[in-house]
file input32.csv (CSV, C-alpha atoms)
chain,number,residue,atom,x,y,z
A,2,MET,CA,99.8,128.2,82.4
A,3,ALA,CA,98.6,124.6,81.9
A,4,LYS,CA,96.1,123.4,84.4
A,5,ARG,CA,97.4,121.3,87.2
A,6,LYS,CA,96.8,117.6,87.2
A,7,VAL,CA,96.6,115.1,90.0
A,8,LEU,CA,97.2,111.5,88.9
A,9,ILE,CA,95.2,109.0,91.1
A,10,GLY,CA,95.8,105.3,91.2
A,11,TYR,CA,92.4,103.6,91.5
A,12,ASP,CA,91.3,100.0,91.1
A,13,GLY,CA,88.1,99.8,93.2
A,14,THR,CA,89.7,98.2,96.2
A,15,PRO,CA,89.6,99.8,99.7
A,16,GLU,CA,93.1,101.1,99.1
A,17,GLY,CA,92.1,102.6,95.8
A,18,GLU,CA,89.1,104.3,97.5
A,19,ASP,CA,91.6,105.8,100.0
A,20,ALA,CA,93.7,107.2,97.1
A,21,LEU,CA,90.6,108.5,95.4
A,22,GLY,CA,89.5,110.3,98.6
A,23,LEU,CA,92.8,111.9,99.1
A,24,GLY,CA,93.1,112.7,95.4
A,25,GLN,CA,89.8,114.4,95.4
A,26,LEU,CA,90.7,116.6,98.4
A,27,LEU,CA,94.0,117.6,97.0
A,28,SER,CA,92.7,118.2,93.5
A,29,LYS,CA,90.1,120.6,94.9
A,30,ALA,CA,92.7,122.3,97.0
A,31,LEU,CA,95.1,122.8,94.0
A,32,GLY,CA,92.4,123.6,91.5
A,33,ALA,CA,93.7,120.5,89.6
A,34,THR,CA,92.1,118.0,87.2
A,35,PRO,CA,92.0,114.5,88.6
A,36,VAL,CA,93.5,112.0,86.2
A,37,VAL,CA,92.2,108.6,87.3
A,38,THR,CA,94.3,105.6,86.2
A,39,THR,CA,94.2,101.8,86.6
A,40,VAL,CA,96.8,99.4,85.5
A,41,ILE,CA,95.7,96.2,83.7
A,42,ARG,CA,97.9,93.2,83.1
A,43,HIS,CA,98.3,91.6,79.7
A,44,PRO,CA,96.5,88.2,79.5
A,45,ARG,CA,98.8,85.2,79.6
A,46,HIS,CA,96.8,83.3,77.0
A,47,GLY,CA,93.4,82.7,75.5
A,48,ALA,CA,92.4,86.1,74.1
A,49,THR,CA,92.9,87.7,70.8
A,50,ASP,CA,93.9,91.4,70.6
A,51,SER,CA,90.4,92.5,69.7
A,52,GLU,CA,88.9,90.4,72.5
A,53,PHE,CA,91.4,91.8,75.0
A,54,GLU,CA,90.7,95.4,73.9
A,55,ALA,CA,87.0,94.9,74.3
A,56,ALA,CA,87.5,93.4,77.8
A,57,VAL,CA,89.7,96.3,78.8
A,58,ALA,CA,87.1,98.8,77.6
A,59,GLU,CA,84.3,97.0,79.5
A,60,PHE,CA,86.3,96.7,82.7
A,61,SER,CA,87.5,100.3,82.5
A,62,GLU,CA,84.1,101.8,81.9
A,63,GLU,CA,82.6,100.1,84.9
A,64,LEU,CA,85.5,101.0,87.1
A,65,PHE,CA,85.7,104.6,86.0
A,66,ALA,CA,82.0,105.0,86.3
A,67,THR,CA,82.4,104.4,90.1
A,68,ALA,CA,85.3,106.9,90.2
A,69,ARG,CA,83.2,109.5,88.4
A,70,GLU,CA,80.4,109.0,90.9
A,71,ARG,CA,82.9,109.5,93.8
A,72,LEU,CA,84.3,112.6,92.1
A,73,LYS,CA,80.9,114.1,91.1
A,74,GLY,CA,81.1,117.7,90.1
A,75,MET,CA,84.7,117.5,88.9
A,76,GLU,CA,86.1,117.2,85.4
A,77,VAL,CA,87.7,113.7,85.4
A,78,VAL,CA,90.3,112.3,82.9
A,79,GLU,CA,90.4,108.5,82.7
A,80,ARG,CA,93.5,106.7,81.8
A,81,PRO,CA,93.5,102.8,81.7
A,82,VAL,CA,97.1,101.5,81.2
A,83,VAL,CA,98.0,98.0,80.1
A,84,ASN,CA,101.3,96.9,81.6
A,85,ASN,CA,102.5,94.0,83.7
A,86,SER,CA,104.5,96.3,85.9
A,87,ARG,CA,102.6,98.8,88.0
A,88,PRO,CA,105.6,101.0,88.7
A,89,ALA,CA,106.6,101.1,85.0
A,90,ALA,CA,103.0,101.9,84.0
A,91,ILE,CA,102.9,104.8,86.4
A,92,TYR,CA,106.3,106.1,85.3
A,93,GLU,CA,105.2,106.0,81.7
A,94,LEU,CA,101.9,107.7,82.3
A,95,ALA,CA,103.4,110.3,84.6
A,96,ASP,CA,106.0,111.1,81.8
A,97,TRP,CA,103.1,111.6,79.4
A,98,GLU,CA,100.7,113.5,81.6
A,99,LYS,CA,103.2,115.5,83.6
A,100,PRO,CA,101.1,115.6,86.8
A,101,ASP,CA,101.9,117.9,89.7
A,102,LEU,CA,101.1,115.1,92.1
A,103,ILE,CA,100.6,111.3,92.1
A,104,VAL,CA,98.3,109.9,94.8
A,105,ILE,CA,98.3,106.3,95.8
A,106,GLY,CA,96.9,104.1,98.6
A,107,SER,CA,98.7,101.8,101.0
A,108,THR,CA,98.7,98.0,100.4
A,109,ARG,CA,98.6,96.9,104.0
A,110,GLN,CA,98.7,97.9,107.6
A,111,GLY,CA,101.4,98.1,110.2
A,112,PRO,CA,101.0,98.7,113.9
A,113,ALA,CA,98.1,101.0,114.9
A,114,GLY,CA,96.8,101.0,111.4
A,115,ARG,CA,99.8,102.9,110.0
A,116,VAL,CA,100.9,102.6,106.4
A,117,VAL,CA,103.5,100.1,105.4
A,118,VAL,CA,105.6,101.2,102.5
A,119,GLY,CA,105.4,98.8,99.5
A,120,THR,CA,106.9,98.3,96.1
A,121,LEU,CA,105.1,100.9,94.1
A,122,GLY,CA,105.5,103.7,96.8
A,123,GLY,CA,109.2,103.0,97.1
A,124,ALA,CA,109.7,102.9,93.4
A,125,LEU,CA,107.9,106.2,92.8
A,126,LEU,CA,109.8,107.9,95.6
A,127,SER,CA,113.2,106.7,94.3
A,128,GLY,CA,113.2,108.9,91.2
A,129,ILE,CA,109.9,110.0,89.7
A,130,HIS,CA,109.7,113.7,89.0
A,131,SER,CA,106.2,114.3,90.3
A,132,GLY,CA,105.2,114.7,93.9
A,133,VAL,CA,103.9,111.6,95.6
A,134,ALA,CA,101.1,111.5,98.2
A,135,VAL,CA,100.0,108.3,99.9
A,136,ALA,CA,96.7,107.8,101.7
A,137,PRO,CA,96.8,105.8,105.0
A,138,ARG,CA,94.6,102.7,105.0
A,139,GLY,CA,91.0,103.5,105.9
A,140,TYR,CA,91.4,107.1,104.9
A,141,ALA,CA,88.3,107.1,102.7
A,142,ASN,CA,86.1,106.1,105.7
A,143,GLY,CA,87.3,108.9,108.0
A,144,GLU,CA,87.0,112.7,108.2
A,145,ARG,CA,88.9,114.3,105.3
A,146,ALA,CA,90.0,117.9,105.6
A,147,LEU,CA,93.0,120.2,105.3
A,148,ASP,CA,92.5,122.1,108.5
A,149,ARG,CA,95.8,121.1,110.0
A,150,ILE,CA,98.8,121.2,107.7
A,151,GLY,CA,102.4,120.6,108.8
A,152,VAL,CA,105.7,120.9,107.0
A,153,ALA,CA,109.2,119.7,108.0
A,154,VAL,CA,111.7,122.5,107.7
A,155,ASP,CA,115.5,122.3,108.4
A,156,GLY,CA,116.8,125.3,106.4
A,157,SER,CA,117.8,123.2,103.3
A,158,SER,CA,116.6,124.2,99.8
A,159,GLU,CA,114.5,121.1,99.7
A,160,SER,CA,112.7,122.1,102.9
A,161,TRP,CA,112.1,125.6,101.5
A,162,ARG,CA,110.4,124.1,98.5
A,163,ALA,CA,108.2,122.0,100.8
A,164,LEU,CA,107.4,125.1,102.8
A,165,SER,CA,106.3,126.9,99.6
A,166,ALA,CA,104.0,124.0,98.7
A,167,ALA,CA,102.6,123.7,102.2
A,168,ALA,CA,101.9,127.5,102.3
A,169,THR,CA,100.0,127.3,99.0
A,170,LEU,CA,97.8,124.5,100.3
A,171,ALA,CA,97.3,126.3,103.7
A,172,GLU,CA,96.3,129.5,102.0
A,173,ARG,CA,93.8,127.8,99.7
A,174,ALA,CA,92.4,125.8,102.7
A,175,LYS,CA,92.4,128.9,104.9
A,176,ALA,CA,94.3,126.9,107.5
A,177,PRO,CA,97.3,127.7,109.7
A,178,LEU,CA,100.6,126.1,108.9
A,179,GLN,CA,102.7,124.3,111.5
A,180,VAL,CA,106.4,124.5,110.8
A,181,LEU,CA,108.2,121.5,112.3
A,182,SER,CA,111.9,120.8,112.8
A,183,VAL,CA,113.7,118.0,114.7
A,184,MET,CA,116.6,118.3,117.1
A,185,GLU,CA,118.3,115.0,117.7
A,186,GLU,CA,120.2,114.2,120.8
A,187,PRO,CA,123.9,115.0,120.5
A,188,HIS,CA,126.0,112.0,119.4
A,189,TYR,CA,128.8,110.7,121.5
A,190,VAL,CA,132.0,108.9,120.5
A,191,LEU,CA,134.6,107.5,122.8
A,192,GLY,CA,133.0,109.1,125.8
A,193,GLY,CA,133.0,112.6,124.2
A,194,LEU,CA,130.8,114.7,122.1
A,195,LEU,CA,131.5,115.0,118.4
A,196,SER,CA,131.0,118.7,119.0
A,197,PRO,CA,133.3,120.9,121.1
A,198,LEU,CA,130.2,122.1,122.9
A,199,ASN,CA,128.9,120.3,126.0
A,200,GLN,CA,125.4,118.9,125.9
A,201,GLU,CA,123.7,121.9,127.4
A,202,GLU,CA,125.6,124.3,125.1
A,203,TYR,CA,124.8,122.1,122.1
A,204,ARG,CA,121.1,122.2,122.9
A,205,GLU,CA,121.1,126.0,123.4
A,206,TYR,CA,123.0,126.4,120.1
A,207,LYS,CA,120.6,124.2,118.1
A,208,GLU,CA,117.5,125.9,119.6
A,209,LYS,CA,118.9,129.3,118.7
A,210,GLU,CA,119.7,128.0,115.2
A,211,TRP,CA,116.1,126.7,114.9
A,212,GLU,CA,114.7,130.1,115.9
A,213,GLY,CA,116.6,131.6,113.0
A,214,VAL,CA,115.2,128.9,110.6
A,215,TYR,CA,111.7,129.5,111.8
A,216,GLU,CA,112.0,133.3,111.5
A,217,GLU,CA,113.1,132.9,107.9
A,218,ALA,CA,110.3,130.4,107.3
A,219,ALA,CA,107.7,132.9,108.5
A,220,GLN,CA,109.2,135.6,106.3
A,221,ARG,CA,109.1,133.4,103.3
A,222,VAL,CA,105.3,132.7,103.6
A,223,PRO,CA,103.8,135.9,104.9
A,224,SER,CA,100.4,135.1,103.5
A,225,VAL,CA,99.7,132.3,105.9
A,226,SER,CA,99.6,132.1,109.7
A,227,THR,CA,102.5,129.9,111.0
A,228,GLU,CA,103.4,128.4,114.3
A,229,SER,CA,106.6,126.7,115.2
A,230,LYS,CA,107.3,123.4,116.8
A,231,LEU,CA,110.7,122.0,117.6
A,232,LEU,CA,110.7,118.2,118.1
A,233,HIS,CA,113.2,116.1,120.1
A,234,ASP,CA,113.8,112.5,119.1
A,235,GLU,CA,114.9,110.5,116.1
A,236,PRO,CA,113.6,112.5,113.1
A,237,ALA,CA,111.2,109.9,111.6
A,238,GLU,CA,109.7,109.0,115.0
A,239,ALA,CA,109.4,112.6,116.1
A,240,LEU,CA,107.6,113.7,112.8
A,241,ALA,CA,105.4,110.6,112.8
A,242,SER,CA,104.3,111.4,116.4
A,243,ALA,CA,103.6,115.1,115.4
A,244,ALA,CA,101.6,113.8,112.4
A,245,GLN,CA,98.9,112.4,114.8
A,246,HIS,CA,97.6,115.9,115.1
A,247,LEU,CA,97.8,116.8,111.4
A,248,ASP,CA,95.6,116.3,108.3
A,249,LEU,CA,98.6,116.4,106.0
A,250,LEU,CA,102.4,116.5,106.4
A,251,LEU,CA,104.8,117.8,103.7
A,252,VAL,CA,108.5,117.0,103.4
A,253,GLY,CA,111.0,118.1,100.8
A,254,SER,CA,113.0,115.7,98.6
A,255,ARG,CA,115.6,115.8,95.9
A,256,ALA,CA,114.3,114.5,92.6
A,257,TYR,CA,116.7,111.6,92.9
A,258,GLY,CA,116.8,110.7,96.5
A,259,PRO,CA,116.1,111.5,100.2
A,260,VAL,CA,115.6,114.8,101.9
A,261,LYS,CA,118.5,116.5,103.5
A,262,GLY,CA,119.4,117.8,107.0
A,263,ALA,CA,117.2,116.5,109.7
A,264,LEU,CA,115.5,114.2,107.2
A,265,LEU,CA,118.8,112.7,105.9
A,266,GLY,CA,119.0,109.2,104.5
A,267,SER,CA,116.0,106.9,104.8
A,268,VAL,CA,114.0,109.1,107.1
A,269,SER,CA,111.5,110.1,104.5
A,270,SER,CA,110.6,106.5,103.7
A,271,LYS,CA,110.5,105.7,107.4
A,272,LEU,CA,108.1,108.5,107.9
A,273,MET,CA,105.9,107.3,105.1
A,274,ALA,CA,105.8,103.9,106.8
A,275,THR,CA,104.8,105.3,110.2
A,276,ALA,CA,102.9,108.6,109.8
A,277,PRO,CA,99.2,108.2,110.7
A,278,CYS,CA,98.2,111.0,108.3
A,279,PRO,CA,98.9,111.4,104.5
A,280,VAL,CA,102.5,112.5,103.8
A,281,MET,CA,103.4,114.5,100.7
A,282,THR,CA,106.9,114.5,99.4
A,283,VAL,CA,107.7,117.7,97.4
A,284,ARG,CA,110.0,117.5,94.3
A,285,PRO,CA,112.2,120.3,93.2
A,286,GLN,CA,110.1,121.4,90.2
A,287,LEU,CA,107.0,121.3,92.3
A,288,SER,CA,107.8,123.9,94.9
A,289,GLY,CA,104.9,126.1,95.8
A,290,VAL,CA,102.8,123.3,94.3
A,291,ARG,CA,103.8,123.5,90.7
A,292,ALA,CA,106.2,125.9,91.5
A,293,PRO,CA,103.7,125.2,94.0
A,294,GLY,CA,103.9,121.4,94.0
A,295,ALA,CA,104.1,118.5,96.2
A,296,ALA,CA,104.1,114.8,96.9
A,297,ALA,CA,103.1,112.7,99.7
A,298,SER,CA,103.2,110.0,101.5
A,299,ALA,CA,103.5,106.4,102.4
A,300,GLY,CA,103.0,103.0,101.0
A,301,ALA,CA,102.4,101.1,97.9
A,302,SER,CA,99.2,101.2,95.9
A,303,HIS,CA,96.7,98.9,94.3
A,304,VAL,CA,96.5,100.6,90.9

call {"tool": "encode", "arguments": {"input": "input32.csv", "output": "structure tokens"}}
result
Amino acid sequence: MAKRKVLIGYDGTPEGEDALGLGQLLSKALGATPVVTTVIRHPRHGATDSEFEAAVAEFSEELFATARERLKGMEVVERPVVNNSRPAAIYELADWEKPDLIVIGSTRQGPAGRVVVGTLGGALLSGIHSGVAVAPRGYANGERALDRIGVAVDGSSESWRALSAAATLAERAKAPLQVLSVMEEPHYVLGGLLSPLNQEEYREYKEKEWEGVYEEAAQRVPSVSTESKLLHDEPAEALASAAQHLDLLLVGSRAYGPVKGALLGSVSSKLMATAPCPVMTVRPQLSGVRAPGAAASAGASHV
């Protein structure tokens, strides 16, 4: 089996340092080779091809020297890419390198220091085939560990893939795995429930349904210690709140769009915009993180 790769967007900015810190942690956990990349724009004028190539080489060497120092002890692959579009550059490089995971940093802060989803993060999540993980702003300056890993599970095939990836990481980190699900309040229409059940019956039914999902989850990953947590609220808000007590949160996703079930629609992107810990979005081919695989998180990067 080919060795796993983690593609890390790095440009020397604080956001790039955040991505490098998370990329280092996840590369070690996955036994993967960190592939550090930076995107360089074409000059608008004033430089010959040879002059530009020399400038790219000089800039890249200085930048990557810093990255190598940060990743001391690891085998590092360096990939400078010349392209005026950062999303296009990352797509192109990901297609070439076939990484298990792409790690980026956030571009700016929202309330309480949380990640704000930006252009690159949204572009990658909309269709790239690798997992995507985003480091919250300031991540490089804090405690970095994988002692508390959570995964959102709703019984869908996407969430089972996320569970497999989370279990792989939890087993490698020798950490327990928190299995999360969300029960929304019943919806009303014209004064009545959309369900024939009354509110209490609906709640009891959904809680029993969740017990079955959790039991199956525990059976699927017998090698790790699991604990269940049923959340009550709007899905993105509930999961973001739970993420305050996690080092990493994994969610499942189709290769072409949003996660299903409790994470239907734009919830995954909302979660990336509000979760205080890194969020990894797992693609279909990455389940178990290369069949274990994963992707995470929130925001746009400065690559």

call {"tool": "residues_around", "arguments": {"input": "input32.csv", "residues": "Ile103 (chain A)", "least_positions_apart": "5", "cutoff": "8 Å", "atoms": "all atoms listed in the file", "output": "list in words"}}
result
Val7, Leu8, Ile9, Gly10, Ser131, Gly132, Val133, Ala134 and Ala296 of chain A

call {"tool": "closest_residue", "arguments": {"input": "input32.csv", "among": "A:Thr14, A:Ala3, A:Thr34, A:Ser51", "to": "Gly74 (chain A)", "atoms": "only C-alpha atoms"}}
result
A:Thr34

call {"tool": "atom_distance", "arguments": {"input": "input32.csv", "atom1": "CA of Glu16 (chain A)", "atom2": "CA of Leu31 (chain A)"}}
result
22.4 Å

call {"tool": "closest_residue", "arguments": {"input": "input32.csv", "among": "A:Lys207, A:Arg87, A:Arg149, A:Arg71", "to": "Leu178 (chain A)", "atoms": "only C-alpha atoms"}}
result
A:Arg149

call {"tool": "residues_around", "arguments": {"input": "input32.csv", "residues": "region 233-248 of chain A", "least_positions_apart": "4", "cutoff": "8 Å", "atoms": "only C-alpha atoms", "output": "number ranges by chain"}}
result
A: 145-151, 153, 181, 183-186, 263-264, 268-269, 271-272, 275-279

call {"tool": "closest_residue", "arguments": {"input": "input32.csv", "among": "A:Val40, A:Leu23, A:Val77, A:Leu170", "to": "Ala136 (chain A)", "atoms": "all atoms listed in the file"}}
result
A:Leu23

call {"tool": "residues_around", "arguments": {"input": "input32.csv", "residues": "Val152 (chain A)", "least_positions_apart": "6", "cutoff": "9 Å", "atoms": "only C-alpha atoms", "output": "count of residues only"}}
result
15

call {"tool": "atom_distance", "arguments": {"input": "input32.csv", "atom1": "CA of Ser86 (chain A)", "atom2": "CA of Glu59 (chain A)"}}
result
21.2 Å
